[in-house]
Amino acid sequence: MATTEKSFTTISGVEVAPLYGAGDVEVEYERDLGRPGGFPFTRGVYGSMYRGRLWTMRQFAGFGTAEETNARFRYLLGHGQTGLSVAFDMPTLMGLDSDHPRSLGEVGREGVAVDSVEDMALLFDGIPLGEVSTSMTINSPAAILLAFYVCVAEGQGVPRARLRGTVQTDILKEYIAQKEWIFPPGPSLRLVTDMVEWCAAEMPLWHPVSISGYHIREAGSTAAQELAFTLADGFTYVEWALERGLGVDEFAPRLSFFFNAHLDFFEEIAKYRAARRIWARELRERYGARDERSLRLRFHAQTAGVSLTAQQPEVNIVRTALEALAAVLGGCQSLHTNSYDEALALPTEEAVRLALRTQQVIAHETGVVNTADPLGGSYFLEHLTNELERQAYGYLERIEELGGVVAAIEQNFFQREIAEAAFRYQREVEAGERVVVGVNRYAVEEEAQPPLLRVDPELERRQVERVRALRARRDAGAAERALARLAAEAASERNLMPAILDAARAQVTMGEMCDALREVWGTWRETPVF
Amino acid sequence: MAKVGLDGHDRGAKVIARALRDAGMEVIYTGLHQTPEQIVETVIQEDADAVGISILSGAHMTLVPRIVELLRERDAGDVLVVAGGTIPAGDVAELKRLGVAEVFTPGAPTSEIVAFLRARAAA
């Protein structure tokens with residue numbers, strides 16, 4: 001089909017002109033950009049950015065049981081990564097112990113199996129918790145895994161106030177995109193707020209929430225949707241914490257974010273800059289934050305899993321490098337780079353080492369770290385930053401009209417938007433309008449797959465035995481009492497963290513705690529739309 | 001269109017469900033977190049000609065064969081079974097040996113899936 005005019009759009013569908021000049025951009029330097037480290041933080045959250053300190057190189061890792069993942073952690077630390085990031089298996093993510101009937105076949109497959117505080121101790125064996133920062137991708141049972149971590153630190157003699165790290169905890173995006181929910185929104189938000197409140201008092205160096213857009217984007221959203229939906233979720237957590245009676249500056253400094261680093265290079269950089277600007281403005285103007293630290297949107301980025309291909313997987317190395325570069329030019333504080341084999345399986349050692357090296361090359365060989373916001377002032381970039389901000393505000397208004405994030409979730413607003421965008425993208429690819437190298441253009445005869453990581457099914461059997469042995473060994477009375485107390489606290493309005501910690505110390509398992517909470521709070525069922 | 005086990009990655013399943021519906025097929029999407037038993041029950045209740053199992057959690061070698069087995073046990077062995085997701089080539093071969101008609105892995109166009117089902121599922 002011959003056309004005289006081809007449209008050039010970002011991967012999200014934003015129109016791009018052939019050229020941008022001074023007349024195309026409306027920017028007032030002080031109002032819209034500022035200096036890095038100063039309101040509205042468009043150019044970066046810190047004055048010195050990477051000259052002062054590089055982003056944390058933090059590779060998401062986990063499979064099998066605690067021992068296998070501990071070995072992978074040490075491997076990555078040995079090769080120069082500077083932060084830990086834990087991937088848990090599906091049963092753990094869904095609040096089920098490894099011996100639950102629904103865990104069959106799933107244990108250790110997508111991440112590490114953690115059923116108890118003992119598993120957590122094994123996971124960090126030989127790793128001094130006072131000297132690392134750890135991010136845990138866990139949502140519905142986040143409070144429990146945090147309690148396990150705190151207990152392990154106690155065992156190492158490290159006070160909780162010294163612990164650095166993050167739990168993802170972002171339950172709203174679960175209903176929207178990642179789908180790892182257990183309880184309905186109300187009790188879930190209460191639990192998130194309990195964590196925010198408790199961490200504000202007990203763990204000043206910890207991030208109790210990582211407000212995430214990564215998964216929303218992976219599910220198929222556009223960049224503007226990722227931006228808007230993430231910020232909307234963030235504002236909701238702020239509102240719940242304020243409702244609880246916390247001062248905004250008491251907790252906002254410890255809210256963190258997690259964005260996707262997708263393929264459309266300039267769109268991603270613009271997205272991060274717009275995110276910082278919107279957050280700073282809203283926190284100050286709408287929520288009355290006065291502490292500068294409340295206004296700083298600090299984020300972890302992960303290169304887009306969904307951009308990886310199974311065909312010619314080595315090409316993923318190139319994709320990941322470019323995505324990582326965008327995240328760095330966009331000013332991320334922490335970064336995970338995907339391994340080239342991840343469209344096929346969890347990464348091998350060799351593949352993940354290469355992913356880490358990708359970050360190290362950017363940091364040490366390209367010179368992009370020498371100055372803050374190096375692309376700031378680019379006509380195209382400033383235009384795109386403004387445009388994404390404009391589109392994001394459009395969505396934020398719609399969400400408010402629907403009654404807020406929870407109401408919008410219940411009306412399937414986000415889910416429908418995401419399904420639409422995902423379908424549109426697939427149609428573009430199948431029509432050849434959107435090129436995917438190696439898939440719909442430049443394909444080759446099927447080649448043999450690279451050697452892949454296989455998770456030994458024997459590990460499931462071992463983990464099942466392990467959790468059963470723990471239950472048999474522990475003080476049954478103490479465990480029972482702790483569980484009863486947890487249920488009682490869940491039915492009350494008191495902060496649940498102390499009861500969860502006591503249950504952890506009494507060797508109550510994660511699944512048992514979640515079951516007790518399911519009894520009190522019920523479970524969530526979605527009405528799917530496609 | 002079924003999502004089996006704890007896996008919550010439903011982007012592909014939904015895109016395919018819609019593509020099949022747009023192609024004129026009657027599609028029932030089970031939603032997430034279905035057990036093999038629940039899926040087979042739905043297949044039988046809905047008198048489905050085919051079932052597509054989407055799974056990206058790595059648990060496919062336990063859960064997909066279980067579905068095939070249960071369909072046979074319930075005299076629904078003639079239902080066409082296809083699968084998709086993060087399934088390495090070696091496992092694809094094994095699943096086909098166990099009775100899965102085809103496995104659609106990352107990059108498979110929806111047009112290919114539509115064509116396959118049109119050709120292979122009973123009228």
# chains A, B, ... in the order shown; residues from 1 in each chain; ligands from 1
>>> residues_around(residues="Gly107 (chain B)", least_positions_apart="3", cutoff="9 Å", atoms="only C-alpha atoms", output="PDB file with N, CA and C atoms, in the first residue's frame")
ATOM      1  N   THR A 309      12.822 -10.319  22.532  1.00  0.00           N
ATOM      2  CA  THR A 309      12.297 -11.291  21.571  1.00  0.00           C
ATOM      3  C   THR A 309      12.902 -12.666  21.822  1.00  0.00           C
ATOM      4  N   ALA A 310      12.127 -13.688  21.468  1.00  0.00           N
ATOM      5  CA  ALA A 310      12.639 -15.055  21.537  1.00  0.00           C
ATOM      6  C   ALA A 310      13.476 -15.361  20.296  1.00  0.00           C
ATOM      7  N   GLN A 311      13.210 -14.605  19.226  1.00  0.00           N
ATOM      8  CA  GLN A 311      13.924 -14.795  17.969  1.00  0.00           C
ATOM      9  C   GLN A 311      15.205 -13.967  18.001  1.00  0.00           C
ATOM     10  N   VAL A 439      11.591 -10.394  14.156  1.00  0.00           N
ATOM     11  CA  VAL A 439      10.267 -11.004  14.299  1.00  0.00           C
ATOM     12  C   VAL A 439       9.417 -10.737  13.066  1.00  0.00           C
ATOM     13  N   ASN A 440       9.139  -9.457  12.760  1.00  0.00           N
ATOM     14  CA  ASN A 440       8.364  -9.190  11.544  1.00  0.00           C
ATOM     15  C   ASN A 440       9.208  -8.568  10.437  1.00  0.00           C
TER      16      ASN A 440
ATOM     17  N   PHE B 104       2.267 -21.785  20.979  1.00  0.00           N
ATOM     18  CA  PHE B 104       2.562 -20.490  20.371  1.00  0.00           C
ATOM     19  C   PHE B 104       3.416 -19.676  21.325  1.00  0.00           C
TER      20      PHE B 104
END
>>> select_by_dssp(residues="chain B", states="strand (DSSP E)", output="number ranges by chain")
B: 2-3, 50-55, 80-85, 102-104
>>> closest_atom_pairs(of="chain A", to="chain B", cutoff="7 Å", atoms="only C-alpha atoms", output="tab-separated table")
residue	atom	partner	partner_atom	distance
A:Met90	CA	B:Leu6	CA	6.1
A:Gly105	CA	B:Ala59	CA	5.1
A:Glu106	CA	B:Ala59	CA	5.1
A:Arg109	CA	B:Gly58	CA	5.5
A:Glu110	CA	B:Ser57	CA	5.8
A:Gln178	CA	B:Gly8	CA	6.3
A:Lys179	CA	B:Gly8	CA	5.1
A:Glu180	CA	B:Gly8	CA	6.5
A:Ala219	CA	B:Arg11	CA	5.4
A:Gly220	CA	B:Arg11	CA	6.9
A:Thr309	CA	B:Pro106	CA	6.9
A:Ala310	CA	B:Pro106	CA	6.0
A:Ala343	CA	B:Thr86	CA	6.8
A:Leu344	CA	B:Thr86	CA	5.6
A:Ala345	CA	B:Thr86	CA	6.8
A:Ala422	CA	B:Val15	CA	6.9
A:Phe423	CA	B:Val15	CA	5.5
A:Glu430	CA	B:Pro109	CA	6.5
A:Val439	CA	B:Gly107	CA	6.3
A:Pro528	CA	B:Gly31	CA	5.9
A:Phe530	CA	B:Lys14	CA	5.1
>>> residues_around(residues="Val82 (chain B)", least_positions_apart="4", cutoff="8 Å", atoms="only C-alpha atoms", output="number ranges by chain")
B: 50-53, 100-104
>>> residues_around(residues="Ala392 (chain A)", least_positions_apart="4", cutoff="8 Å", atoms="only C-alpha atoms", output="list in words")
Ala224, Gln225, Leu227, Ala228, Leu388 and Leu396 of chain A
>>> select_by_dssp(residues="region 218-431 of chain A", states="alpha helix (DSSP H)", output="ChimeraX atom specification")
/A:218,223-244,248-251,265-285,292-295,315-329,349-365,379-401,405-410,413-430
>>> write_last_selection(atoms="C-alpha atoms", output="compact mmCIF listing (two decimals), in the first residue's frame")
# COMPACT_ATOMS: atom_id res chain seq x y z
CA GLU A 218 4.49 -4.32 30.51
CA ALA A 223 4.10 5.87 28.23
CA ALA A 224 1.55 8.57 29.13
CA GLN A 225 -0.70 5.97 30.77
CA GLU A 226 2.25 4.49 32.66
CA LEU A 227 3.09 7.97 33.89
CA ALA A 228 -0.45 8.97 34.82
CA PHE A 229 -1.58 5.71 36.39
CA THR A 230 1.59 5.47 38.49
CA LEU A 231 1.28 9.01 39.77
CA ALA A 232 -2.42 8.47 40.49
CA ASP A 233 -1.52 5.44 42.57
CA GLY A 234 1.13 7.48 44.37
CA PHE A 235 -1.32 10.27 45.17
CA THR A 236 -3.74 7.67 46.54
CA TYR A 237 -1.14 6.33 48.97
CA VAL A 238 -0.38 9.90 50.03
CA GLU A 239 -4.08 10.51 50.66
CA TRP A 240 -4.46 7.34 52.71
CA ALA A 241 -1.45 8.26 54.83
CA LEU A 242 -2.77 11.77 55.37
CA GLU A 243 -6.16 10.29 56.27
CA ARG A 244 -4.34 8.17 58.87
CA VAL A 248 2.99 14.61 54.58
CA ASP A 249 6.64 15.38 55.28
CA GLU A 250 6.75 12.51 57.78
CA PHE A 251 6.35 9.84 55.11
CA PHE A 265 14.43 6.49 23.51
CA PHE A 266 13.33 10.11 23.83
CA GLU A 267 9.84 9.28 25.01
CA GLU A 268 11.25 7.47 28.03
CA ILE A 269 13.59 10.31 29.00
CA ALA A 270 10.73 12.77 28.64
CA LYS A 271 8.51 10.53 30.75
CA TYR A 272 10.94 10.52 33.69
CA ARG A 273 11.37 14.29 33.54
CA ALA A 274 7.63 14.86 33.38
CA ALA A 275 7.16 12.47 36.31
CA ARG A 276 9.53 14.43 38.50
CA ARG A 277 7.92 17.74 37.61
CA ILE A 278 4.34 16.59 38.20
CA TRP A 279 5.15 14.89 41.51
CA ALA A 280 7.05 17.88 42.86
CA ARG A 281 4.31 20.29 41.89
CA GLU A 282 1.43 18.19 43.23
CA LEU A 283 3.14 17.32 46.49
CA ARG A 284 3.85 20.97 47.16
CA GLU A 285 0.69 22.56 45.82
CA GLU A 292 12.28 19.25 49.76
CA ARG A 293 12.80 15.53 50.23
CA SER A 294 9.04 15.01 49.91
CA LEU A 295 9.15 16.59 46.47
CA VAL A 315 19.70 -8.78 19.63
CA ASN A 316 18.12 -8.19 23.04
CA ILE A 317 21.55 -7.14 24.26
CA VAL A 318 21.30 -4.15 21.95
CA ARG A 319 17.74 -3.33 22.99
CA THR A 320 18.60 -3.50 26.67
CA ALA A 321 21.66 -1.29 26.24
CA LEU A 322 19.65 1.43 24.53
CA GLU A 323 16.83 1.20 27.08
CA ALA A 324 19.36 1.39 29.92
CA LEU A 325 20.93 4.44 28.34
CA ALA A 326 17.54 6.14 28.25
CA ALA A 327 17.02 5.39 31.94
CA VAL A 328 20.40 6.90 32.79
CA LEU A 329 19.88 9.96 30.63
CA GLU A 349 24.85 -16.56 35.04
CA GLU A 350 26.55 -15.68 31.80
CA ALA A 351 23.56 -13.71 30.53
CA VAL A 352 23.02 -11.74 33.72
CA ARG A 353 26.71 -10.90 33.93
CA LEU A 354 26.50 -9.39 30.48
CA ALA A 355 23.44 -7.39 31.54
CA LEU A 356 25.41 -6.01 34.47
CA ARG A 357 28.37 -5.20 32.22
CA THR A 358 25.98 -3.19 30.06
CA GLN A 359 25.39 -0.83 32.97
CA GLN A 360 29.07 -0.70 33.77
CA VAL A 361 29.96 0.30 30.21
CA ILE A 362 27.40 3.12 30.32
CA ALA A 363 28.71 4.26 33.70
CA HIS A 364 32.42 4.08 33.01
CA GLU A 365 33.01 4.30 29.28
CA TYR A 379 13.98 21.23 21.64
CA PHE A 380 12.57 17.79 20.96
CA LEU A 381 13.02 16.56 24.51
CA GLU A 382 11.48 19.60 26.16
CA HIS A 383 8.54 19.43 23.76
CA LEU A 384 8.04 15.75 24.51
CA THR A 385 8.34 16.33 28.25
CA ASN A 386 5.61 18.97 28.05
CA GLU A 387 3.46 16.73 25.86
CA LEU A 388 3.68 13.72 28.18
CA GLU A 389 2.90 15.94 31.13
CA ARG A 390 -0.14 17.30 29.31
CA GLN A 391 -1.38 13.81 28.43
CA ALA A 392 -0.76 12.60 31.97
CA TYR A 393 -2.83 15.42 33.45
CA GLY A 394 -5.62 14.47 31.06
CA TYR A 395 -5.69 10.97 32.52
CA LEU A 396 -5.38 12.24 36.11
CA GLU A 397 -8.49 14.36 35.55
CA ARG A 398 -10.41 11.41 34.14
CA ILE A 399 -9.44 9.26 37.10
CA GLU A 400 -10.68 11.94 39.47
CA GLU A 401 -13.94 12.18 37.56
CA VAL A 405 -8.10 5.13 41.69
CA VAL A 406 -10.03 2.51 43.67
CA ALA A 407 -13.31 3.42 42.00
CA ALA A 408 -11.60 3.40 38.61
CA ILE A 409 -10.19 -0.07 39.34
CA GLU A 410 -13.62 -1.35 40.25
CA PHE A 413 -11.04 1.75 33.66
CA PHE A 414 -7.30 1.04 33.78
CA GLN A 415 -7.68 -2.54 32.68
CA ARG A 416 -9.65 -1.50 29.60
CA GLU A 417 -7.21 1.26 28.66
CA ILE A 418 -4.33 -1.17 28.96
CA ALA A 419 -6.04 -3.92 26.98
CA GLU A 420 -6.88 -1.40 24.23
CA ALA A 421 -3.31 -0.13 24.03
CA ALA A 422 -1.91 -3.68 24.03
CA PHE A 423 -4.24 -4.73 21.24
CA ARG A 424 -3.46 -1.63 19.19
CA TYR A 425 0.26 -2.30 19.48
CA GLN A 426 -0.14 -5.93 18.42
CA ARG A 427 -2.19 -4.87 15.42
CA GLU A 428 0.52 -2.40 14.39
CA VAL A 429 3.17 -5.12 14.64
CA GLU A 430 1.12 -7.63 12.65
>>> closest_residue(among="A:Ile138, A:Ala372, A:Val158, A:Leu189", to="Thr42 (chain A)", atoms="only C-alpha atoms")
A:Ala372
>>> closest_residue(among="A:Val369, A:Val455, A:Leu104, A:Ala443", to="Phe63 (chain A)", atoms="only C-alpha atoms")
A:Val455
>>> residues_around(residues="region 190-194 of chain A", least_positions_apart="6", cutoff="10 Å", atoms="only C-alpha atoms", output="PDB file with N, CA and C atoms, in the first residue's frame")
ATOM      1  N   ASN A 139       4.245  -7.740  47.042  1.00  0.00           N
ATOM      2  CA  ASN A 139       3.171  -6.777  47.162  1.00  0.00           C
ATOM      3  C   ASN A 139       2.117  -7.160  48.197  1.00  0.00           C
ATOM      4  N   SER A 140       1.253  -8.091  47.891  1.00  0.00           N
ATOM      5  CA  SER A 140       0.222  -8.434  48.880  1.00  0.00           C
ATOM      6  C   SER A 140       0.795  -8.844  50.237  1.00  0.00           C
ATOM      7  N   PRO A 141       1.782  -9.741  50.277  1.00  0.00           N
ATOM      8  CA  PRO A 141       2.360 -10.100  51.580  1.00  0.00           C
ATOM      9  C   PRO A 141       3.610  -9.286  51.949  1.00  0.00           C
ATOM     10  N   ALA A 142       3.730  -8.088  51.414  1.00  0.00           N
ATOM     11  CA  ALA A 142       4.951  -7.293  51.636  1.00  0.00           C
ATOM     12  C   ALA A 142       5.253  -7.082  53.113  1.00  0.00           C
ATOM     13  N   ALA A 143       4.223  -6.816  53.904  1.00  0.00           N
ATOM     14  CA  ALA A 143       4.426  -6.550  55.328  1.00  0.00           C
ATOM     15  C   ALA A 143       5.091  -7.739  56.002  1.00  0.00           C
ATOM     16  N   THR A 169       5.267  -3.319  47.621  1.00  0.00           N
ATOM     17  CA  THR A 169       4.030  -3.007  48.364  1.00  0.00           C
ATOM     18  C   THR A 169       2.934  -2.303  47.560  1.00  0.00           C
ATOM     19  N   ASP A 170       3.149  -2.007  46.329  1.00  0.00           N
ATOM     20  CA  ASP A 170       2.220  -1.165  45.560  1.00  0.00           C
ATOM     21  C   ASP A 170       1.019  -1.982  45.109  1.00  0.00           C
ATOM     22  N   ILE A 171       0.058  -2.140  45.996  1.00  0.00           N
ATOM     23  CA  ILE A 171      -1.070  -3.037  45.735  1.00  0.00           C
ATOM     24  C   ILE A 171      -1.991  -2.521  44.637  1.00  0.00           C
ATOM     25  N   LEU A 172      -2.089  -1.195  44.502  1.00  0.00           N
ATOM     26  CA  LEU A 172      -3.012  -0.654  43.499  1.00  0.00           C
ATOM     27  C   LEU A 172      -2.638  -1.133  42.097  1.00  0.00           C
ATOM     28  N   ALA A 200       7.833   4.929  58.861  1.00  0.00           N
ATOM     29  CA  ALA A 200       8.160   6.335  59.124  1.00  0.00           C
ATOM     30  C   ALA A 200       8.748   6.479  60.524  1.00  0.00           C
ATOM     31  N   PRO A 208       8.971   2.021  52.187  1.00  0.00           N
ATOM     32  CA  PRO A 208       7.893   1.048  52.388  1.00  0.00           C
ATOM     33  C   PRO A 208       7.058   0.787  51.148  1.00  0.00           C
ATOM     34  N   VAL A 209       7.168   1.651  50.151  1.00  0.00           N
ATOM     35  CA  VAL A 209       6.434   1.450  48.900  1.00  0.00           C
ATOM     36  C   VAL A 209       7.312   1.831  47.714  1.00  0.00           C
ATOM     37  N   TYR A 237      -1.846   6.722  47.744  1.00  0.00           N
ATOM     38  CA  TYR A 237      -1.142   6.327  48.967  1.00  0.00           C
ATOM     39  C   TYR A 237      -0.903   7.540  49.857  1.00  0.00           C
ATOM     40  N   VAL A 238      -0.578   8.666  49.262  1.00  0.00           N
ATOM     41  CA  VAL A 238      -0.382   9.899  50.026  1.00  0.00           C
ATOM     42  C   VAL A 238      -1.676  10.241  50.765  1.00  0.00           C
ATOM     43  N   GLU A 239      -2.792  10.162  50.048  1.00  0.00           N
ATOM     44  CA  GLU A 239      -4.083  10.507  50.659  1.00  0.00           C
ATOM     45  C   GLU A 239      -4.447   9.579  51.805  1.00  0.00           C
ATOM     46  N   TRP A 240      -4.179   8.286  51.636  1.00  0.00           N
ATOM     47  CA  TRP A 240      -4.465   7.339  52.710  1.00  0.00           C
ATOM     48  C   TRP A 240      -3.595   7.621  53.934  1.00  0.00           C
ATOM     49  N   ALA A 241      -2.351   7.969  53.714  1.00  0.00           N
ATOM     50  CA  ALA A 241      -1.455   8.259  54.833  1.00  0.00           C
ATOM     51  C   ALA A 241      -1.869   9.550  55.545  1.00  0.00           C
ATOM     52  N   LEU A 242      -2.299  10.524  54.774  1.00  0.00           N
ATOM     53  CA  LEU A 242      -2.772  11.774  55.370  1.00  0.00           C
ATOM     54  C   LEU A 242      -4.041  11.522  56.175  1.00  0.00           C
ATOM     55  N   GLU A 243      -4.918  10.716  55.626  1.00  0.00           N
ATOM     56  CA  GLU A 243      -6.159  10.290  56.272  1.00  0.00           C
ATOM     57  C   GLU A 243      -5.853   9.620  57.614  1.00  0.00           C
ATOM     58  N   ARG A 244      -4.764   8.883  57.661  1.00  0.00           N
ATOM     59  CA  ARG A 244      -4.342   8.172  58.870  1.00  0.00           C
ATOM     60  C   ARG A 244      -3.867   9.158  59.939  1.00  0.00           C
ATOM     61  N   LEU A 246      -0.959  11.117  59.430  1.00  0.00           N
ATOM     62  CA  LEU A 246       0.467  11.405  59.295  1.00  0.00           C
ATOM     63  C   LEU A 246       0.656  12.740  58.590  1.00  0.00           C
ATOM     64  N   ALA A 490      -5.953  -7.711  62.875  1.00  0.00           N
ATOM     65  CA  ALA A 490      -6.432  -7.430  61.512  1.00  0.00           C
ATOM     66  C   ALA A 490      -7.877  -6.931  61.535  1.00  0.00           C
ATOM     67  N   GLU A 493      -8.433  -1.718  64.240  1.00  0.00           N
ATOM     68  CA  GLU A 493      -7.870  -0.651  63.405  1.00  0.00           C
ATOM     69  C   GLU A 493      -6.435  -0.333  63.797  1.00  0.00           C
ATOM     70  N   ARG A 494      -5.853  -1.223  64.583  1.00  0.00           N
ATOM     71  CA  ARG A 494      -4.484  -0.969  65.026  1.00  0.00           C
ATOM     72  C   ARG A 494      -3.481  -1.362  63.934  1.00  0.00           C
ATOM     73  N   ASN A 495      -2.309  -0.753  64.013  1.00  0.00           N
ATOM     74  CA  ASN A 495      -1.242  -1.041  63.063  1.00  0.00           C
ATOM     75  C   ASN A 495      -0.833  -2.502  63.190  1.00  0.00           C
ATOM     76  N   LEU A 496      -0.803  -3.181  62.078  1.00  0.00           N
ATOM     77  CA  LEU A 496      -0.608  -4.626  62.070  1.00  0.00           C
ATOM     78  C   LEU A 496       0.860  -5.066  62.182  1.00  0.00           C
ATOM     79  N   MET A 497       1.788  -4.156  61.974  1.00  0.00           N
ATOM     80  CA  MET A 497       3.207  -4.554  61.899  1.00  0.00           C
ATOM     81  C   MET A 497       3.716  -5.252  63.155  1.00  0.00           C
TER      82      MET A 497
END
>>> atom_distance(atom1="CA of Thr337 (chain A)", atom2="CA of Leu308 (chain A)")
11.5 Å
>>> atom_distance(atom1="CA of Glu445 (chain A)", atom2="CA of Gly305 (chain A)")
23.6 Å
